[in-house]
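To start, the structure under review is shown below, and the notes come after it.
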Amino acid sequence: MPKDGGIGASSKRREDVRFLTGAGNYTDDINIHGQAHVFFLRSDIAHGTITSVDTSAAEAMPGVVKVFTGADFEGVGSIPCGWQVTDRHGDPMQEPAHPVLAQGKVRHVGEPIAAVVAETLAEARDAAEAISVDIAELPAVVNMKDALKDGATKVHDDLTSNLCYDWGFVEENKDAVNKAFDEAAHVTSLELVNNRLVANPMEPRVAVGEYARGTDEHTLYTTSQNPHVIRLLMGAFVLGIPEHKLRVVAPDVGGGFGTKIFHYQEEAFCTFAAKACNRPVKWTSSRSEAFISDAHGRDHVTKIELALDADNNFTAIRTETHANMGAYLSTFAPSVPTWLHGTLMAGNYKTPLIYVNVKAVFTNTVPVDAYRGAGRPEATFQLERVVDKAARELGVDPIALRRQNFITEFPYATPVAVEYDTGDYHATMDKLEEMGDFAGFAARRAESEKNGKLRGLGVNCYIEACGIAPSNLVGQLGARAGLYESATVRVNATGGLVVMTGSHSHGQGHETSFAQVVAEMIGIDESMIEIVHGDTSKVPMGMGTYGSRSIAVGGSAMVRATEKIINKAKKIASHLLEASETDIELKDGAFSVAGTDKSVAWGDVTLAAYVPHNYPLEDIEPGLEETAFYDPSNFTYPSGAYACEVEVDPDTGKVSIERFAAADDFGNIINPMIVTGQVHGGLAQGIGQALLENCAYDENGQLLSASYMDYAMPRADDLPMFSVDHSCQTPCTHNPLGVKGCGEAGAIGSPPAVVNAVVDALQSAGKDVTHVDMPLSPDRVWAAMNG
Amino acid sequence: MYNFEFAKPSSVADAVAALGEEDAQALGGGQTLIPTLKQRLASPTKLVSLKGISEMQGVCTGDDGALCIGGATCHATVAAEAGAYPALASTAAHIGDPAVRNRGTIGGSLANNDPSACYPAAALASGATIVTNSREIAADDYFQGMFTTALDEGEIITEVRFPVPEKANYQKFVQPASRFALVGVYVAKFADGVRVAITGASNDGVFRWAEAEAALSANFSADAIDGLSLSGDDMISDLHGTDAYRAHLCAVMTKRAVAAAA
Ligand SMILES: Cc1cc2nc3c(=O)[nH]c(=O)nc-3n(C[C@H](O)[C@H](O)[C@H](O)COP(=O)(O)OP(=O)(O)OC[C@H]3O[C@@H](n4cnc5c(N)ncnc54)[C@H](O)[C@@H]3O)c2cc1C
């Protein structure tokens, strides 16, 4: 029976009413009286020395308020990086300055060189065309391996090379891993590319800066997943504005997928320019600008090796990855190929020895940072591809090989520094076998063959780590931030309540699911609860939403704050009921004395808190508002098993996905409908990466896929009807809700399933194809078949 | 977008006059031109919309049996009303998305002559006649390479006349991002022979595949293509496919078009 509210109910997403009726309030909807518009003149050259920038003609153009160049930002801070990785030798990564507007050099196509603030956007754009910029072009550094060669052109002249860091993990295990490979009965190795992606949220980035001269207060409205983090990074490191003079608001945000976590130059610019011009300054990215200024995702080139003993037990894994950082270090870029990737290399398997080497490289491309899954898809892809390849080489069933090596006892400490609290990998695989109707595959393959098509089945597992934590550990790993979350629960006199959460919703439906949790805890109707987020002047502190952390970390903080509320409310109730506090029970929104029929309603208690005529004033303060900070003791570890069935047209190489099944273990679930939606979206993005999306640069650093004419986004008709299930539940043991997080799983788990399926299809036709790099576009598949 | 003036004449004569001004440009459905303007890649001083000219609208059958389509007729109308020539109606029905089909026009498509567009293949394979305000141009003379046509400055396509073949079919293998044709093959069988026009593949824009036409004129079956191939030497190589892949697809799509038509 579906419940009609509270935890476990598929409550309809309350926020959708405003989104779907055009009543949302996105950043671009914010227009402030007197606002001017900025247009950024961006480099169309990937690498070069700026020899002159002449703005005099532009300054004389109609409507121009002010023209800014790098020179205006000389005393201003650098866009900071939020994570410092220490390399194999104990040295800190190389960390170049990241100016708001280019200083001396341009380092990627799209880097802002100058900015024109004018009365209208058209006037700003006209004036930008009148700026004359001379750039002495330098050779572009595009290929990561070439970038590391001796004598390669340097992206940053003040660094020793293009190597950001050379990371080894776990460095102490390196020799033992090599020894295991020497002793292995079988070694499978695979070289692969994890293709670069453009996040493409539906809403492009927008920033509006405002300055109140009278109070010296700055406000930035921005399309951000974590406004408090932007306030800290921009205020403390770039512009020197203390938090109490800086408000950052991220109102309705139309999708982020990671690329709206980071602090961008345009945010700092609009905040700075609002004061310099004494006018609100607005920037709205065009889609074309988004392609060359939003941080990209993925872009790893990896060699992975898997060692097995004579009984097909995994004995060791060794990887070497080149990870593209782009031209500058975006906010969390260094952490993605290291702590979000190396720590996941055990996957679902009890491989005793693992060594991961990552070389992060600067190139003349857009900065690369976290994108849905961030590091975990890269880990899952290589691991699940190499396991599949091993099964084929050994002639064993890929599912059986996986099952044989599954971790089955929990908690389980991996050789890559994390401890899985719970999981049941056989259970999700059992579920998958049922959902995928593997027994019927042979008949479906025969049917496809009759129609001249090749059919393939690909299976894989994944493990993910959500809610990166605890703060003291991540601090040791180089995070320059804590990774807790805060929540304030403010109960009003008439019983309604407001939850101010540091988690940020940009499509995830928090306003619905968070309200369900509090409704369940107190036993009141969801409509009595308002979820407030995205404004530093309303929410005390927040670390924002990414890494599937919202319910696990933000939800836990909210639970803790609500528990404090309930405790205090019980004290008030015990006073009203003239009973001992320990005898008070809260059920269905009423406080009663155990074993009696005496009770007071929730609303009586909240009213007493604010109108304390009959109130234990000597024991407790009036009012009912509590704040909690929650710092998790561990990550959470969702896991699952995915299956993809494809048909390949052997004449054209075109792949079509015929069936897709996903069996996930997300622990306890608050709103099954929202979880299903998250999985659907993740699958679409993962399949998009596997089949369609290709962010490609040419050798001059020009982006070839710079619009939707060349960058293929997944569309509804590229996808099958998904079969998803999340009934396998091993609750998290260390957070109050037993939840794990579900936002990224689909994007993490699906690419290997697709590629495994295509390889299976091609091999079924006798083709000696062991791997095809993503995206598996028709031409690539055809070339692989005919290569 | 730069500023421009806008005119919406109601007759071809007025449109021609308006286009006589320096840097004036015709506007059909704007599906190509408006994005170009938004990116500031063109700066006409005046746009002359052809959408208000009733004599350039609609689909009818001419005295000679040819299907006549007004130059400002949108793809959706062709899809709905070109029932007398089903392959053409189906081609129109698969151009872009509903918004594109309800704005974009046949005249705009043929004037633009995008090397990956669909209508150029249909017109060339059908041996259509491009009628302008001043003359009639045979399709064989009209297409002159990528984005290049026989049109003079200011010349307006007022109508396109399609002889209706006995059998015809268009097979479009879509480029995954734009969903234009990565390779599109239009095959039309007339009493006096078969014409095969290929779009998407060549650096020279739409072209006829003479060898396939000869083979199919002798034997209108997919088998007739066996053993025939095109060289990829002058074909497009890009992110979405090499020249060799495109050359391969030409043969595959030709066979499929013949099989579907036969
Ligand atoms: C998302 C998208 C998908 C598309 N997919 C496809 C596809 O799959 N296949 C395909 O073939 N096309 C596709 N198109 C292109 C579409 O068919 C356009 O409609 C067409 O290319 C241009 O027609 P238009 O009427 O919009 O012309 P406009 O954009 O208005 O004009 C294009 C050019 O033609 C000139 N012009 C316009 N009308 C005339 C006329 N009557 N006489 C002389 N010159 C004229 C204009 O001056 C301009 O130079 C797509 C377009 C978009 C935006």
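Each chain in the structure tokens gets a letter, A, B, ..., in the order shown, and its residues are numbered from 1; ligands are numbered from 1 in order too.
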If we count only C-alpha atoms and set the cut-off at 7 Å, which residues sit around Ala121 in chain B, ignoring sequence neighbours fewer than 4 positions away in its own chain? Please answer as a list in words.
Ala125, Val185, Tyr186, Ala197, Ile198, Thr199 and Val206 of chain B
Mind checking which residues fall within 7 Å of range 85-91 of chain B, counting only C-alpha atoms, ignoring those fewer than 3 positions away in the same chain, and posting them as a PyMOL selection string?
chain B and resi 78-80+82+94-95+122+164+168-170
Store the residues of this selection in a file with N, CA and C atoms, as a short mmCIF file (atom, residue, chain, number, x, y, z; two decimals), in the first residue's frame.
data_model
loop_
_atom_site.label_atom_id
_atom_site.label_comp_id
_atom_site.auth_asym_id
_atom_site.auth_seq_id
_atom_site.Cartn_x
_atom_site.Cartn_y
_atom_site.Cartn_z
N VAL B 78 4.21 20.68 -46.46
CA VAL B 78 4.58 19.69 -47.47
C VAL B 78 4.31 18.29 -46.94
N ALA B 79 4.70 18.07 -45.69
CA ALA B 79 4.49 16.75 -45.08
C ALA B 79 3.00 16.39 -45.10
N ALA B 80 2.15 17.38 -44.86
CA ALA B 80 0.71 17.11 -44.76
C ALA B 80 0.02 17.08 -46.10
N ALA B 82 1.56 16.96 -49.48
CA ALA B 82 2.17 16.41 -50.71
C ALA B 82 1.85 14.93 -50.87
N HIS B 94 10.47 14.41 -41.90
CA HIS B 94 11.61 14.02 -41.07
C HIS B 94 12.71 15.07 -41.02
N ILE B 95 12.40 16.27 -41.46
CA ILE B 95 13.37 17.36 -41.32
C ILE B 95 13.24 17.94 -39.91
N ALA B 122 16.22 15.57 -52.49
CA ALA B 122 14.91 15.30 -53.09
C ALA B 122 14.77 16.01 -54.43
N VAL B 164 6.60 13.69 -60.54
CA VAL B 164 6.34 12.62 -59.57
C VAL B 164 6.82 11.30 -60.14
N ALA B 168 9.83 6.05 -55.32
CA ALA B 168 10.91 6.87 -54.75
C ALA B 168 11.02 6.61 -53.26
N ASN B 169 12.19 6.89 -52.73
CA ASN B 169 12.38 6.78 -51.27
C ASN B 169 13.62 7.56 -50.86
N TYR B 170 13.54 8.09 -49.66
CA TYR B 170 14.69 8.82 -49.10
C TYR B 170 15.12 8.11 -47.83
#
Interface rows for chain A against chain B: nearest pair, Å to one decimal, 12 Å, only C-alpha atoms, as CSV:
residue,atom,partner,partner_atom,distance
A:Leu121,CA,B:Met1,CA,10.6
A:Ala122,CA,B:Met1,CA,7.7
A:Glu123,CA,B:Tyr2,CA,9.9
A:Arg125,CA,B:Met1,CA,9.3
A:Asp126,CA,B:Tyr2,CA,8.3
A:Glu129,CA,B:Arg40,CA,10.5
A:Ser286,CA,B:Gln39,CA,10.2
A:Arg287,CA,B:Gln39,CA,11.0
A:Ser288,CA,B:Gln39,CA,9.0
A:Glu289,CA,B:Gln39,CA,11.1
A:Asp649,CA,B:Val252,CA,11.2
A:Pro650,CA,B:Val252,CA,10.6
A:Asp651,CA,B:Val252,CA,6.9
A:Thr652,CA,B:Leu249,CA,6.7
A:Gly653,CA,B:Tyr245,CA,9.9
A:Lys654,CA,B:Phe173,CA,9.5
A:Val655,CA,B:Pro176,CA,11.3
A:Gly688,CA,B:Pro176,CA,10.9
A:Leu691,CA,B:Pro176,CA,9.4
A:Leu692,CA,B:Pro176,CA,6.9
A:Glu693,CA,B:Ala177,CA,8.6
A:Asn694,CA,B:Leu239,CA,8.7
A:Cys695,CA,B:Leu239,CA,9.9
A:Ala696,CA,B:Leu239,CA,7.9
A:Tyr697,CA,B:Leu239,CA,9.9
A:Asp698,CA,B:Leu239,CA,9.9
A:Leu703,CA,B:Leu239,CA,11.1
A:Leu704,CA,B:Leu239,CA,7.6
A:Ser705,CA,B:Leu239,CA,8.1
A:Ala706,CA,B:Ala177,CA,11.2
A:Ser707,CA,B:Ala177,CA,9.0
A:Tyr708,CA,B:Ala177,CA,6.0
A:Met709,CA,B:Ser178,CA,4.3
A:Asp710,CA,B:Ala177,CA,5.1
A:Tyr711,CA,B:Ala177,CA,5.4
A:Ala712,CA,B:Ala177,CA,3.7
A:Met713,CA,B:Ala177,CA,6.7
A:Pro714,CA,B:Ala177,CA,8.8
A:Arg715,CA,B:Ala177,CA,9.8
A:Asp717,CA,B:Pro176,CA,11.6
A:Asp718,CA,B:Pro176,CA,9.6
A:Pro775,CA,B:His240,CA,10.5
A:Leu776,CA,B:His240,CA,10.8
A:Ser777,CA,B:His240,CA,7.5
A:Pro778,CA,B:Gly241,CA,8.1
A:Asp779,CA,B:Gly241,CA,5.3
A:Arg780,CA,B:Gly241,CA,7.9
A:Val781,CA,B:Tyr245,CA,10.6
A:Trp782,CA,B:Tyr245,CA,7.8
A:Ala783,CA,B:Tyr245,CA,7.8
A:Ala784,CA,B:Tyr245,CA,11.5
A:Met785,CA,B:Tyr245,CA,11.8
A:Asn786,CA,B:Tyr245,CA,10.3
A:Gly787,CA,B:Tyr245,CA,11.6
Mind checking which residues fall within 10 Å of range 491-495 of chain A, counting only C-alpha atoms, ignoring those fewer than 4 positions away in the same chain, and posting them as a PyMOL selection string?
chain A and resi 499+524+528-529+562+565+589+601-611+623-626
Let me have all residues with an atom within 6 Å of ligand 1, counting only C-alpha atoms and all ligand atoms, laid out as a PyMOL selection string.
chain B and resi 25-33+71-72+95-96+100+104-105+107-109+111-112+117-119+155-158+179-180
Could the residues in this selection be written to a file with N, CA and C atoms, as a PDB file, in the first residue's frame?
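And here's again-v2.pdb as it stands now:
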ATOM      1  N   GLN B  25      18.270  41.094 -47.371  1.00  0.00           N
ATOM      2  CA  GLN B  25      18.315  39.637 -47.509  1.00  0.00           C
ATOM      3  C   GLN B  25      16.928  39.047 -47.292  1.00  0.00           C
ATOM      4  N   ALA B  26      16.647  37.997 -48.085  1.00  0.00           N
ATOM      5  CA  ALA B  26      15.354  37.326 -47.949  1.00  0.00           C
ATOM      6  C   ALA B  26      15.324  36.533 -46.649  1.00  0.00           C
ATOM      7  N   LEU B  27      14.150  36.496 -46.023  1.00  0.00           N
ATOM      8  CA  LEU B  27      13.934  35.683 -44.832  1.00  0.00           C
ATOM      9  C   LEU B  27      12.806  34.705 -45.112  1.00  0.00           C
ATOM     10  N   GLY B  28      13.149  33.430 -45.061  1.00  0.00           N
ATOM     11  CA  GLY B  28      12.103  32.406 -45.198  1.00  0.00           C
ATOM     12  C   GLY B  28      11.596  32.092 -43.806  1.00  0.00           C
ATOM     13  N   GLY B  29      11.844  30.866 -43.353  1.00  0.00           N
ATOM     14  CA  GLY B  29      11.423  30.498 -42.005  1.00  0.00           C
ATOM     15  C   GLY B  29      12.406  30.922 -40.938  1.00  0.00           C
ATOM     16  N   GLY B  30      13.568  31.377 -41.361  1.00  0.00           N
ATOM     17  CA  GLY B  30      14.559  31.863 -40.400  1.00  0.00           C
ATOM     18  C   GLY B  30      15.276  30.776 -39.614  1.00  0.00           C
ATOM     19  N   GLN B  31      15.082  29.538 -39.982  1.00  0.00           N
ATOM     20  CA  GLN B  31      15.665  28.454 -39.180  1.00  0.00           C
ATOM     21  C   GLN B  31      17.177  28.344 -39.356  1.00  0.00           C
ATOM     22  N   THR B  32      17.671  28.876 -40.437  1.00  0.00           N
ATOM     23  CA  THR B  32      19.111  28.956 -40.635  1.00  0.00           C
ATOM     24  C   THR B  32      19.580  30.392 -40.422  1.00  0.00           C
ATOM     25  N   LEU B  33      18.832  31.311 -40.986  1.00  0.00           N
ATOM     26  CA  LEU B  33      19.279  32.699 -40.980  1.00  0.00           C
ATOM     27  C   LEU B  33      19.246  33.324 -39.580  1.00  0.00           C
ATOM     28  N   GLY B  71       7.438  28.560 -52.874  1.00  0.00           N
ATOM     29  CA  GLY B  71       8.777  28.707 -52.294  1.00  0.00           C
ATOM     30  C   GLY B  71       8.771  29.021 -50.806  1.00  0.00           C
ATOM     31  N   ALA B  72       7.664  29.561 -50.296  1.00  0.00           N
ATOM     32  CA  ALA B  72       7.625  29.906 -48.870  1.00  0.00           C
ATOM     33  C   ALA B  72       6.792  28.904 -48.070  1.00  0.00           C
ATOM     34  N   ILE B  95      12.398  16.266 -41.456  1.00  0.00           N
ATOM     35  CA  ILE B  95      13.366  17.355 -41.318  1.00  0.00           C
ATOM     36  C   ILE B  95      13.239  17.942 -39.911  1.00  0.00           C
ATOM     37  N   GLY B  96      14.344  18.045 -39.208  1.00  0.00           N
ATOM     38  CA  GLY B  96      14.365  18.736 -37.908  1.00  0.00           C
ATOM     39  C   GLY B  96      13.279  18.261 -36.954  1.00  0.00           C
ATOM     40  N   VAL B 100      10.973  23.423 -36.263  1.00  0.00           N
ATOM     41  CA  VAL B 100      11.690  23.661 -37.526  1.00  0.00           C
ATOM     42  C   VAL B 100      10.754  23.435 -38.710  1.00  0.00           C
ATOM     43  N   GLY B 104      10.519  26.461 -41.080  1.00  0.00           N
ATOM     44  CA  GLY B 104      11.440  26.346 -42.217  1.00  0.00           C
ATOM     45  C   GLY B 104      10.705  26.123 -43.524  1.00  0.00           C
ATOM     46  N   THR B 105      11.247  26.689 -44.607  1.00  0.00           N
ATOM     47  CA  THR B 105      10.578  26.629 -45.910  1.00  0.00           C
ATOM     48  C   THR B 105      11.439  25.908 -46.939  1.00  0.00           C
ATOM     49  N   GLY B 107      11.921  26.896 -49.989  1.00  0.00           N
ATOM     50  CA  GLY B 107      12.768  27.870 -50.689  1.00  0.00           C
ATOM     51  C   GLY B 107      14.022  28.187 -49.880  1.00  0.00           C
ATOM     52  N   GLY B 108      13.840  28.344 -48.582  1.00  0.00           N
ATOM     53  CA  GLY B 108      14.981  28.635 -47.717  1.00  0.00           C
ATOM     54  C   GLY B 108      15.980  27.498 -47.719  1.00  0.00           C
ATOM     55  N   SER B 109      15.456  26.293 -47.684  1.00  0.00           N
ATOM     56  CA  SER B 109      16.346  25.133 -47.658  1.00  0.00           C
ATOM     57  C   SER B 109      17.149  25.031 -48.952  1.00  0.00           C
ATOM     58  N   ALA B 111      17.719  27.433 -51.146  1.00  0.00           N
ATOM     59  CA  ALA B 111      18.596  28.594 -51.330  1.00  0.00           C
ATOM     60  C   ALA B 111      19.856  28.447 -50.483  1.00  0.00           C
ATOM     61  N   ASN B 112      19.670  27.875 -49.319  1.00  0.00           N
ATOM     62  CA  ASN B 112      20.809  27.709 -48.406  1.00  0.00           C
ATOM     63  C   ASN B 112      21.752  26.613 -48.903  1.00  0.00           C
ATOM     64  N   ALA B 117      21.604  18.936 -45.941  1.00  0.00           N
ATOM     65  CA  ALA B 117      20.156  19.117 -45.937  1.00  0.00           C
ATOM     66  C   ALA B 117      19.460  18.069 -46.794  1.00  0.00           C
ATOM     67  N   CYS B 118      18.172  17.907 -46.536  1.00  0.00           N
ATOM     68  CA  CYS B 118      17.397  16.839 -47.168  1.00  0.00           C
ATOM     69  C   CYS B 118      16.787  17.263 -48.510  1.00  0.00           C
ATOM     70  N   TYR B 119      16.185  18.441 -48.545  1.00  0.00           N
ATOM     71  CA  TYR B 119      15.492  18.849 -49.777  1.00  0.00           C
ATOM     72  C   TYR B 119      16.398  18.875 -51.017  1.00  0.00           C
ATOM     73  N   GLU B 155      17.681  37.091 -55.986  1.00  0.00           N
ATOM     74  CA  GLU B 155      16.743  36.229 -56.722  1.00  0.00           C
ATOM     75  C   GLU B 155      15.949  35.373 -55.716  1.00  0.00           C
ATOM     76  N   ILE B 156      14.663  35.224 -55.966  1.00  0.00           N
ATOM     77  CA  ILE B 156      13.798  34.537 -55.007  1.00  0.00           C
ATOM     78  C   ILE B 156      13.274  33.233 -55.610  1.00  0.00           C
ATOM     79  N   ILE B 157      13.356  32.185 -54.832  1.00  0.00           N
ATOM     80  CA  ILE B 157      12.709  30.927 -55.251  1.00  0.00           C
ATOM     81  C   ILE B 157      11.223  31.078 -54.946  1.00  0.00           C
ATOM     82  N   THR B 158      10.426  31.088 -56.004  1.00  0.00           N
ATOM     83  CA  THR B 158       8.992  31.290 -55.787  1.00  0.00           C
ATOM     84  C   THR B 158       8.239  29.965 -55.768  1.00  0.00           C
ATOM     85  N   ARG B 179      21.087  15.887 -36.171  1.00  0.00           N
ATOM     86  CA  ARG B 179      20.069  15.074 -36.844  1.00  0.00           C
ATOM     87  C   ARG B 179      19.792  15.554 -38.267  1.00  0.00           C
ATOM     88  N   PHE B 180      20.696  16.325 -38.819  1.00  0.00           N
ATOM     89  CA  PHE B 180      20.726  16.488 -40.276  1.00  0.00           C
ATOM     90  C   PHE B 180      21.220  15.147 -40.835  1.00  0.00           C
TER      91      PHE B 180
END
Hey, which of B:Lys167, B:Arg256, B:Arg103, B:Arg208 ends up closest to Phe190 in chain B? Count only C-alpha atoms.
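Once distances to Phe190 in chain B are computed over only C-alpha atoms, the minimum belongs to B:Lys167.
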Name all residues at most 8 Å from Ser548 in chain A (count only C-alpha atoms; drop same-chain ones fewer than 5 positions away) and give them as an MDAnalysis selection string.
chainID A and resid 466:467 741:744
Neighbouring residues of Thr27 in chain A were defined as those with any atom within 9 Å, considering only C-alpha atoms; residues of the same chain fewer than 2 positions away were excluded. Please report them as an MDAnalysis selection string.
chainID A and resid 25 29:31 205:208 221:223 249:253 284
Mind dumping the selected residues with C-alpha atoms as a CSV table (one decimal), in the first residue's frame?
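Just written: part_37.csv:
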chain,number,residue,atom,x,y,z
A,25,ASN,CA,12.3,32.2,-9.8
A,29,ASP,CA,14.3,36.2,-13.7
A,30,ILE,CA,16.0,38.6,-11.3
A,31,ASN,CA,16.1,42.1,-12.7
A,205,ARG,CA,24.9,30.0,-15.7
A,206,VAL,CA,23.7,33.5,-14.6
A,207,ALA,CA,25.2,36.0,-12.2
A,208,VAL,CA,23.7,39.3,-10.9
A,221,TYR,CA,22.5,36.1,-7.2
A,222,THR,CA,24.0,33.1,-8.9
A,223,THR,CA,23.2,29.7,-10.4
A,249,VAL,CA,21.6,33.8,-3.2
A,250,ALA,CA,21.1,30.7,-5.5
A,251,PRO,CA,17.3,30.8,-6.1
A,252,ASP,CA,15.7,28.2,-8.3
A,253,VAL,CA,18.4,26.6,-10.3
A,284,THR,CA,23.5,35.6,-18.5
